[in-house]
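Colleague: Hey, dropping target06.txt in here, compact mmCIF, C-alpha atoms:
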```txt
# COMPACT_ATOMS: atom_id res chain seq x y z
CA MET I 391 -10.69 -12.34 -19.69
CA SER I 392 -7.07 -12.31 -18.52
CA GLU I 393 -6.16 -14.75 -15.81
CA LEU I 394 -5.54 -12.98 -12.47
CA ALA I 395 -3.33 -14.27 -9.67
CA LEU I 396 -1.88 -13.17 -6.36
CA TYR I 397 1.90 -13.58 -6.08
CA ILE I 398 3.41 -13.35 -2.56
CA LYS I 399 6.58 -11.25 -2.92
CA GLU I 400 7.64 -10.92 0.72
CA GLY I 401 6.64 -12.71 3.91
CA PRO I 402 6.46 -16.23 5.34
CA HIS I 403 4.97 -17.64 2.10
CA ALA I 404 7.14 -15.74 -0.41
CA GLY I 405 7.09 -17.32 -3.88
CA GLU I 406 3.56 -18.74 -3.65
CA GLU I 407 1.04 -17.84 -6.36
CA HIS I 408 -2.75 -18.21 -6.08
CA LEU I 409 -5.10 -17.93 -9.04
CA ILE I 410 -8.14 -15.76 -8.28
CA ASP I 411 -11.20 -17.90 -8.97
CA GLY I 412 -14.22 -16.18 -7.45
CA ASP I 413 -13.64 -14.69 -3.99
CA LEU I 414 -10.32 -15.35 -2.21
CA VAL I 415 -10.14 -14.65 1.53
CA LEU I 416 -6.69 -13.85 2.96
CA GLY I 417 -5.93 -14.46 6.63
CA ARG I 418 -4.20 -16.35 9.40
CA GLU I 419 -6.94 -18.88 10.27
CA ALA I 420 -6.42 -21.94 8.08
CA SER I 421 -9.98 -23.26 8.52
CA SER I 422 -11.73 -20.13 7.20
CA VAL I 423 -9.47 -18.63 4.51
CA ASP I 424 -8.42 -19.47 0.95
CA VAL I 425 -4.92 -17.98 1.15
CA LEU I 426 -3.17 -18.76 4.43
CA ILE I 427 -0.69 -16.09 5.61
CA ASP I 428 1.22 -17.07 8.74
CA ASP I 429 2.04 -13.48 9.76
CA LYS I 430 1.39 -12.23 13.30
CA GLY I 431 0.32 -8.85 11.90
CA VAL I 432 -2.48 -10.51 9.88
CA SER I 433 -6.00 -11.04 11.27
CA ARG I 434 -7.76 -14.40 11.13
CA ARG I 435 -9.90 -13.14 8.21
CA HIS I 436 -7.97 -10.08 7.04
CA ALA I 437 -9.05 -9.18 3.49
CA SER I 438 -10.69 -10.59 0.37
CA VAL I 439 -10.00 -10.29 -3.36
CA MET I 440 -12.80 -10.90 -5.87
CA VAL I 441 -12.76 -10.88 -9.66
CA GLU I 442 -15.14 -8.27 -11.08
CA GLY I 443 -15.07 -7.91 -14.85
CA ALA I 444 -11.53 -7.73 -16.21
CA THR I 445 -9.91 -6.85 -12.90
CA ALA I 446 -10.15 -7.59 -9.16
CA VAL I 447 -11.56 -5.73 -6.18
CA LEU I 448 -9.89 -5.75 -2.74
CA ARG I 449 -11.89 -5.42 0.47
CA ASP I 450 -10.60 -5.10 4.03
CA LEU I 451 -12.56 -7.42 6.36
CA ASP I 452 -12.35 -5.05 9.36
CA SER I 453 -8.83 -6.24 10.15
CA SER I 454 -6.94 -5.09 13.23
CA ASN I 455 -3.92 -3.60 11.43
CA GLY I 456 -5.51 -2.52 8.15
CA THR I 457 -4.90 -3.42 4.51
CA TYR I 458 -2.69 -1.34 2.20
CA VAL I 459 -2.33 -1.02 -1.59
CA ASN I 460 0.86 0.62 -2.85
CA GLY I 461 1.35 2.12 0.61
CA GLU I 462 -2.20 3.55 0.94
CA MET I 463 -4.71 2.27 3.48
CA VAL I 464 -7.88 0.67 2.08
CA ASP I 465 -11.00 2.05 3.81
CA ALA I 466 -13.46 1.04 1.06
CA PRO I 467 -13.54 -1.55 -1.75
CA ARG I 468 -10.50 -0.85 -3.98
CA ARG I 469 -10.27 -1.80 -7.66
CA LEU I 470 -6.85 -3.26 -8.42
CA ARG I 471 -4.62 -3.08 -11.48
CA SER I 472 -1.95 -5.50 -12.58
CA GLY I 473 1.25 -4.74 -10.68
CA ASP I 474 -0.49 -3.30 -7.59
CA VAL I 475 1.13 -4.44 -4.34
CA ILE I 476 -1.11 -5.41 -1.41
CA GLN I 477 0.32 -5.37 2.12
CA VAL I 478 -1.23 -7.27 5.02
CA GLY I 479 0.89 -7.27 8.15
CA GLN I 480 4.48 -7.58 6.92
CA THR I 481 3.50 -9.64 3.86
CA GLU I 482 3.51 -8.10 0.37
CA ILE I 483 1.36 -9.59 -2.40
CA GLU I 484 1.40 -8.52 -6.06
CA LEU I 485 -1.57 -8.77 -8.43
CA ARG I 486 -0.53 -10.38 -11.72
CA SER I 487 -2.51 -10.90 -14.90
CA GLY I 488 -2.17 -12.46 -18.32
CA ALA I 489 1.39 -13.43 -19.23
CA ASP I 490 2.64 -12.47 -15.75
CA THR I 491 0.90 -15.44 -14.13
CA THR I 492 2.60 -18.80 -13.74
CA ARG I 493 1.20 -21.40 -16.14
CA VAL I 494 1.68 -25.20 -16.34
CA ILE I 495 2.82 -25.98 -19.89
CA ALA I 496 2.22 -29.42 -21.37
CA PRO I 497 5.36 -31.23 -22.56
CA ALA I 498 6.06 -30.76 -26.26
CA ALA I 499 5.69 -33.66 -28.66
CA ALA I 500 8.85 -35.55 -29.49
CA ALA I 501 10.83 -33.91 -32.26
CA SER I 502 10.80 -35.62 -35.65
CA PRO I 503 14.08 -37.11 -36.92
CA THR I 504 14.44 -34.31 -39.45
CA GLU I 505 13.79 -31.57 -36.93
CA ILE I 506 16.74 -29.47 -35.76
CA VAL I 507 16.66 -28.78 -32.02
CA THR I 508 18.33 -25.55 -30.98
CA PRO I 509 20.21 -25.88 -27.67
CA PRO I 510 19.14 -23.52 -24.88
CA SER I 511 21.02 -20.28 -24.63
CA ASN I 512 23.68 -19.96 -21.95
CA ARG I 513 23.02 -16.28 -21.50
CA PRO I 514 22.00 -15.44 -17.90
CA ALA I 515 18.46 -14.33 -17.28
CA PRO I 516 18.00 -10.58 -16.75
CA PRO I 517 17.75 -9.52 -13.09
CA PRO I 518 14.24 -8.84 -11.74
CA PRO I 519 13.16 -5.19 -11.54
CA ALA I 520 13.85 -3.45 -8.25
CA PRO I 521 10.76 -3.05 -6.02
CA PRO I 522 9.33 0.48 -5.66
CA PRO I 523 10.62 2.44 -2.65
CA ALA I 524 8.51 2.17 0.48
CA PRO I 525 6.62 5.34 1.49
CA ILE I 526 8.21 7.28 4.33
CA TYR I 527 6.14 8.06 7.41
CA THR I 528 5.96 11.82 7.83
CA GLY I 529 2.95 12.10 10.13
CA GLY I 530 -0.50 13.35 9.25
CA GLN I 531 -2.87 11.15 7.27
CA ASP I 532 -3.76 7.54 8.12
CA SER I 533 -3.37 6.31 4.49
CA ARG I 534 0.12 4.86 4.87
CA ARG I 535 1.61 1.43 5.38
CA PRO I 536 2.61 0.34 8.90
CA ALA I 537 6.27 0.70 9.75
CA GLU I 538 8.49 -2.31 10.19
CA PRO I 539 8.54 -3.67 13.78
CA VAL I 540 11.50 -2.56 15.84
CA ALA I 541 13.92 -5.30 16.98
CA ASP I 542 16.05 -5.05 20.11
CA ASP I 543 19.74 -6.00 20.48
CA ARG I 544 18.84 -9.68 20.73
CA GLY I 545 16.91 -9.57 17.44
CA GLN I 546 13.53 -9.89 19.15
CA ILE I 547 10.57 -7.77 18.04
CA ASP I 548 9.60 -5.03 20.49
CA ASP I 549 5.83 -5.28 20.16
CA GLU I 550 4.19 -3.10 22.83
CA GLU I 551 0.63 -3.47 24.06
CA ASN I 552 -1.54 -0.90 22.29
CA TRP I 553 -3.39 0.38 25.36
CA PRO I 554 -4.43 3.71 23.74
CA ALA I 555 -6.36 1.73 21.10
CA VAL I 556 -8.16 -0.29 23.80
CA ALA I 557 -8.95 2.90 25.74
CA ALA I 558 -10.25 4.58 22.57
CA ILE I 559 -12.80 1.88 21.76
CA CYS I 560 -13.94 1.56 25.40
CA VAL I 561 -14.27 5.28 26.09
CA GLY I 562 -15.83 5.98 22.67
CA ALA I 563 -18.46 3.26 23.12
CA LEU I 564 -19.20 4.43 26.68
CA ALA I 565 -19.56 8.06 25.56
CA LEU I 566 -21.99 7.18 22.79
CA GLY I 567 -23.95 4.77 25.01
CA LEU I 568 -24.22 7.34 27.80
CA LEU I 569 -25.61 9.89 25.36
CA ILE I 570 -28.19 7.46 23.99
CA VAL I 571 -29.33 6.09 27.36
CA SER I 572 -29.78 9.59 28.85
CA PHE I 573 -31.55 10.86 25.70
CA GLY I 574 -28.94 13.59 25.43
CA ALA I 575 -29.26 14.86 29.02
CA LEU I 576 -25.70 13.82 29.93
CA PHE I 577 -24.16 15.41 26.84
CA PRO I 578 -21.47 17.32 28.83
CA PHE I 579 -19.97 14.02 30.04
CA SER I 580 -20.37 12.41 26.61
CA LEU I 581 -18.68 15.40 24.98
CA ALA I 582 -15.63 15.18 27.25
CA MET I 583 -15.37 11.39 26.86
CA GLY I 584 -15.74 11.67 23.08
CA ILE I 585 -12.81 14.07 22.91
CA GLY I 586 -10.78 11.65 25.03
CA ALA I 587 -11.64 8.77 22.68
CA ILE I 588 -10.51 10.80 19.66
CA ILE I 589 -7.16 11.59 21.30
CA ALA I 590 -6.63 7.97 22.44
CA GLY I 591 -7.51 6.70 18.96
CA ARG I 592 -4.88 8.93 17.35
CA PHE I 593 -2.23 7.71 19.80
CA GLY I 594 -3.25 4.09 19.17
CA LYS I 595 -2.95 4.43 15.39
CA ARG I 596 0.37 6.22 15.73
CA MET I 597 1.78 3.32 17.78
CA VAL I 598 1.07 0.98 14.84
CA THR I 599 2.30 3.28 12.06
CA SER I 600 5.52 4.04 13.97
CA GLY I 601 6.29 0.32 14.44
CA ARG I 602 5.97 0.29 18.24
CA SER I 603 3.05 -2.14 18.05
CA THR I 604 1.34 -4.33 15.46
CA ARG I 605 -1.94 -4.66 17.36
CA PHE I 606 -5.40 -3.12 17.40
CA TYR I 607 -5.15 -0.56 14.59
CA GLY I 608 -8.82 -1.25 13.80
CA LEU I 609 -9.84 -0.70 17.44
CA ALA I 610 -8.06 2.65 17.49
CA ARG I 611 -9.73 3.69 14.26
CA TRP I 612 -13.24 2.73 15.41
CA GLY I 613 -12.69 4.23 18.87
CA GLY I 614 -11.83 7.55 17.24
CA ARG I 615 -14.94 7.35 15.06
CA LEU I 616 -17.17 6.65 18.07
CA GLY I 617 -15.56 9.65 19.77
CA TRP I 618 -16.38 11.90 16.81
CA TRP I 619 -19.98 10.69 16.75
CA SER I 620 -20.30 11.40 20.48
CA VAL I 621 -18.88 14.90 20.08
CA VAL I 622 -21.19 15.74 17.15
CA LEU I 623 -24.30 14.38 18.88
CA SER I 624 -23.39 16.19 22.12
CA ILE I 625 -23.10 19.50 20.26
CA ILE I 626 -26.49 18.83 18.63
CA ALA I 627 -27.98 18.13 22.10
CA LEU I 628 -26.54 21.42 23.40
CA ILE I 629 -28.04 23.36 20.48
CA LEU I 630 -31.43 21.73 21.06
CA LEU I 631 -31.26 22.60 24.76
CA VAL I 632 -30.58 26.26 23.98
CA VAL I 633 -33.45 26.35 21.46
CA VAL I 634 -35.90 24.73 23.90
CA ALA I 635 -34.83 27.09 26.69
CA ARG I 636 -35.51 30.12 24.50
CA LEU I 637 -38.85 28.80 23.30
CA LEU I 638 -40.01 28.05 26.88
CA ASP I 639 -38.42 31.24 28.30
CA ILE I 640 -36.25 29.31 30.77
CA ALA I 641 -33.24 30.73 32.59
CA GLY I 642 -30.78 29.13 34.99
CA ASP I 643 -27.66 29.93 36.96
CA ASN I 644 -25.72 27.05 35.35
CA LEU I 645 -26.05 24.31 32.77
CA GLY I 646 -27.43 21.80 35.30
CA ASP I 647 -30.25 24.13 36.37
CA LEU I 648 -31.07 24.81 32.73
CA ILE I 649 -31.33 21.09 31.97
CA ASP I 650 -33.52 20.44 35.06
CA GLN I 651 -35.88 23.33 34.25
CA ALA I 652 -36.14 22.26 30.60
CA GLU I 653 -37.04 18.70 31.63
CA GLN I 654 -39.64 19.98 34.09
CA ALA I 655 -41.15 22.33 31.50
CA ILE I 656 -41.40 19.53 28.95
CA GLN I 657 -43.11 17.26 31.51
CA ASP I 658 -45.63 20.00 32.35
CA LEU I 659 -46.66 20.38 28.72
```
Give the structure from this file in structure tokens form.
Modeller:
Amino acid sequence: MSELALYIKEGPHAGEEHLIDGDLVLGREASSVDVLIDDKGVSRRHASVMVEGATAVLRDLDSSNGTYVNGEMVDAPRRLRSGDVIQVGQTEIELRSGADTTRVIAPAAAASPTEIVTPPSNRPAPPPPAPPPAPIYTGGQDSRRPAEPVADDRGQIDDEENWPAVAAICVGALALGLLIVSFGALFPFSLAMGIGAIIAGRFGKRMVTSGRSTRFYGLARWGGRLGWWSVVLSIIALILLVVVARLLDIAGDNLGDLIDQAEQAIQDL
């Protein structure tokens, strides 16, 4: 099997190479990772790379800002090929295999007296190939790499607080919890809060992909998902209420009366 390695192309540890032996965890917390990446856009335990067969599989460990391969976000385990470029935060890592990996070569035996030693060539080494162009953010799908952080006139990074992402996870969790605790009776409130969580989640992800913030991409993504679940379950609760009202021949002036009469009819059964 070809030897696989991770070569850091860009970032604080550019030039480092790590052979993949088993499961390598990438992250910012030195005590719990195999490959330390001192990048503020990287989570403590950000992603892992494991050898499976003749290649490697990349997994995102529920990181805050996501993991990208060749500019595409990784939402599920991703099988890698030699030459694929992984991005975590602002660090780019290339998967290398076989002859591409750095090897330690033992010194050659001393040449015999009759052996002719050819002097090294003075020709300059060929320049390295140019890196592929970075994908351009055009809006739409989430499968894109985060934009570079924006620096102000003093050269400092303008990293805003990602409040929409925080609001998305809080409102989404509250909407889903409210629906579960009330056994679907408060679905109108859960429906409205779920829609709000979806909108806040989209704004939170857009702040990261546009470079305004490097924080809480994962919270924005999960907040939006909780919002979608709340909306779907609320619609199901509404359909069930209409079905029960027809079966029990219940009528009401508004939705609240209909819910109260349905609950009373079910208790009387």
Colleague: Just want the 12 Å neighbourhood of Ser422 in chain I, counted on all atoms listed in the file, with same-chain residues fewer than 2 positions away dropped. Output as a PDB file with C-alpha atoms, in the coordinates of the input.
Modeller:
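Below you can see selection-v1.pdb, which holds the result:
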```
ATOM      1  CA  LEU I 414     -10.320 -15.350  -2.210  1.00  0.00           C
ATOM      2  CA  VAL I 415     -10.140 -14.650   1.530  1.00  0.00           C
ATOM      3  CA  LEU I 416      -6.690 -13.850   2.960  1.00  0.00           C
ATOM      4  CA  GLY I 417      -5.930 -14.460   6.630  1.00  0.00           C
ATOM      5  CA  ARG I 418      -4.200 -16.350   9.400  1.00  0.00           C
ATOM      6  CA  GLU I 419      -6.940 -18.880  10.270  1.00  0.00           C
ATOM      7  CA  ALA I 420      -6.420 -21.940   8.080  1.00  0.00           C
ATOM      8  CA  ASP I 424      -8.420 -19.470   0.950  1.00  0.00           C
ATOM      9  CA  VAL I 425      -4.920 -17.980   1.150  1.00  0.00           C
ATOM     10  CA  LEU I 426      -3.170 -18.760   4.430  1.00  0.00           C
ATOM     11  CA  ILE I 427      -0.690 -16.090   5.610  1.00  0.00           C
ATOM     12  CA  SER I 433      -6.000 -11.040  11.270  1.00  0.00           C
ATOM     13  CA  ARG I 434      -7.760 -14.400  11.130  1.00  0.00           C
ATOM     14  CA  ARG I 435      -9.900 -13.140   8.210  1.00  0.00           C
ATOM     15  CA  HIS I 436      -7.970 -10.080   7.040  1.00  0.00           C
ATOM     16  CA  ALA I 437      -9.050  -9.180   3.490  1.00  0.00           C
ATOM     17  CA  SER I 438     -10.690 -10.590   0.370  1.00  0.00           C
TER      18      SER I 438
END
```
Colleague: Measure the distance from CA of Phe573 in chain I to CA of Val621 in chain I in Å and round it to one decimal.
Modeller: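 Straight-line distance from CA of Phe573 in chain I to CA of Val621 in chain I works out to 14.4 Å.
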Colleague: What is the distance between CA of Ser572 in chain I and CA of Gly584 in chain I, in Å to one decimal?
Modeller: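 Pair CA of Ser572 in chain I / CA of Gly584 in chain I returns 15.3 Å.
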Colleague: Find, counting all atoms listed in the file, the residue in I:Ala563, I:Ala404, I:Val633, I:Val439 that gets nearest to Trp612 in chain I.
Modeller: I:Ala563
Colleague: Taking all atoms listed in the file into account, which of I:Leu470, I:Glu406, I:Leu581, I:Arg602 comes nearest Ala444 in chain I?
Modeller: I:Leu470
Colleague: Just the number, please: distance in Å from CA of Val478 in chain I to CA of Met597 in chain I, one decimal.
Modeller: 16.9 Å
Colleague: Using all atoms listed in the file, which of the listed residues (I:Leu394, I:Leu637, I:Ala582, I:Leu616) sits closest to Glu442 in chain I?
Modeller: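 Going through I:Leu394, I:Leu637, I:Ala582, I:Leu616 one by one, the smallest distance to Glu442 in chain I is for I:Leu394.
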Colleague: Would you list the contacts of Leu485 in chain I as a PDB file with C-alpha atoms, keeping the file's coordinate frame, taking every protein, DNA or RNA residue within 12 Å and counting only C-alpha atoms, but skipping same-chain residues closer than 6 positions in sequence?
Modeller:
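Wrote it out as result.pdb, contents follow:
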```pdb
ATOM      1  CA  GLU I 393      -6.160 -14.750 -15.810  1.00  0.00           C
ATOM      2  CA  LEU I 394      -5.540 -12.980 -12.470  1.00  0.00           C
ATOM      3  CA  ALA I 395      -3.330 -14.270  -9.670  1.00  0.00           C
ATOM      4  CA  LEU I 396      -1.880 -13.170  -6.360  1.00  0.00           C
ATOM      5  CA  TYR I 397       1.900 -13.580  -6.080  1.00  0.00           C
ATOM      6  CA  ILE I 398       3.410 -13.350  -2.560  1.00  0.00           C
ATOM      7  CA  LYS I 399       6.580 -11.250  -2.920  1.00  0.00           C
ATOM      8  CA  GLU I 407       1.040 -17.840  -6.360  1.00  0.00           C
ATOM      9  CA  HIS I 408      -2.750 -18.210  -6.080  1.00  0.00           C
ATOM     10  CA  LEU I 409      -5.100 -17.930  -9.040  1.00  0.00           C
ATOM     11  CA  ILE I 410      -8.140 -15.760  -8.280  1.00  0.00           C
ATOM     12  CA  VAL I 439     -10.000 -10.290  -3.360  1.00  0.00           C
ATOM     13  CA  MET I 440     -12.800 -10.900  -5.870  1.00  0.00           C
ATOM     14  CA  VAL I 441     -12.760 -10.880  -9.660  1.00  0.00           C
ATOM     15  CA  THR I 445      -9.910  -6.850 -12.900  1.00  0.00           C
ATOM     16  CA  ALA I 446     -10.150  -7.590  -9.160  1.00  0.00           C
ATOM     17  CA  VAL I 447     -11.560  -5.730  -6.180  1.00  0.00           C
ATOM     18  CA  LEU I 448      -9.890  -5.750  -2.740  1.00  0.00           C
ATOM     19  CA  VAL I 459      -2.330  -1.020  -1.590  1.00  0.00           C
ATOM     20  CA  ASN I 460       0.860   0.620  -2.850  1.00  0.00           C
ATOM     21  CA  ARG I 469     -10.270  -1.800  -7.660  1.00  0.00           C
ATOM     22  CA  LEU I 470      -6.850  -3.260  -8.420  1.00  0.00           C
ATOM     23  CA  ARG I 471      -4.620  -3.080 -11.480  1.00  0.00           C
ATOM     24  CA  SER I 472      -1.950  -5.500 -12.580  1.00  0.00           C
ATOM     25  CA  GLY I 473       1.250  -4.740 -10.680  1.00  0.00           C
ATOM     26  CA  ASP I 474      -0.490  -3.300  -7.590  1.00  0.00           C
ATOM     27  CA  VAL I 475       1.130  -4.440  -4.340  1.00  0.00           C
ATOM     28  CA  ILE I 476      -1.110  -5.410  -1.410  1.00  0.00           C
ATOM     29  CA  GLN I 477       0.320  -5.370   2.120  1.00  0.00           C
ATOM     30  CA  THR I 491       0.900 -15.440 -14.130  1.00  0.00           C
TER      31      THR I 491
END
```
Colleague: Edge lengths and centre, in Å to one decimal, as JSON: that's what I need for the box along x, y and z that holds all listed atoms of range 391-404 of chain I plus 6 Å on each side.
Modeller:
```
{"center_x": -1.5, "center_y": -14.3, "center_z": -7.2, "size_x": 30.3, "size_y": 18.7, "size_z": 37.0}
```
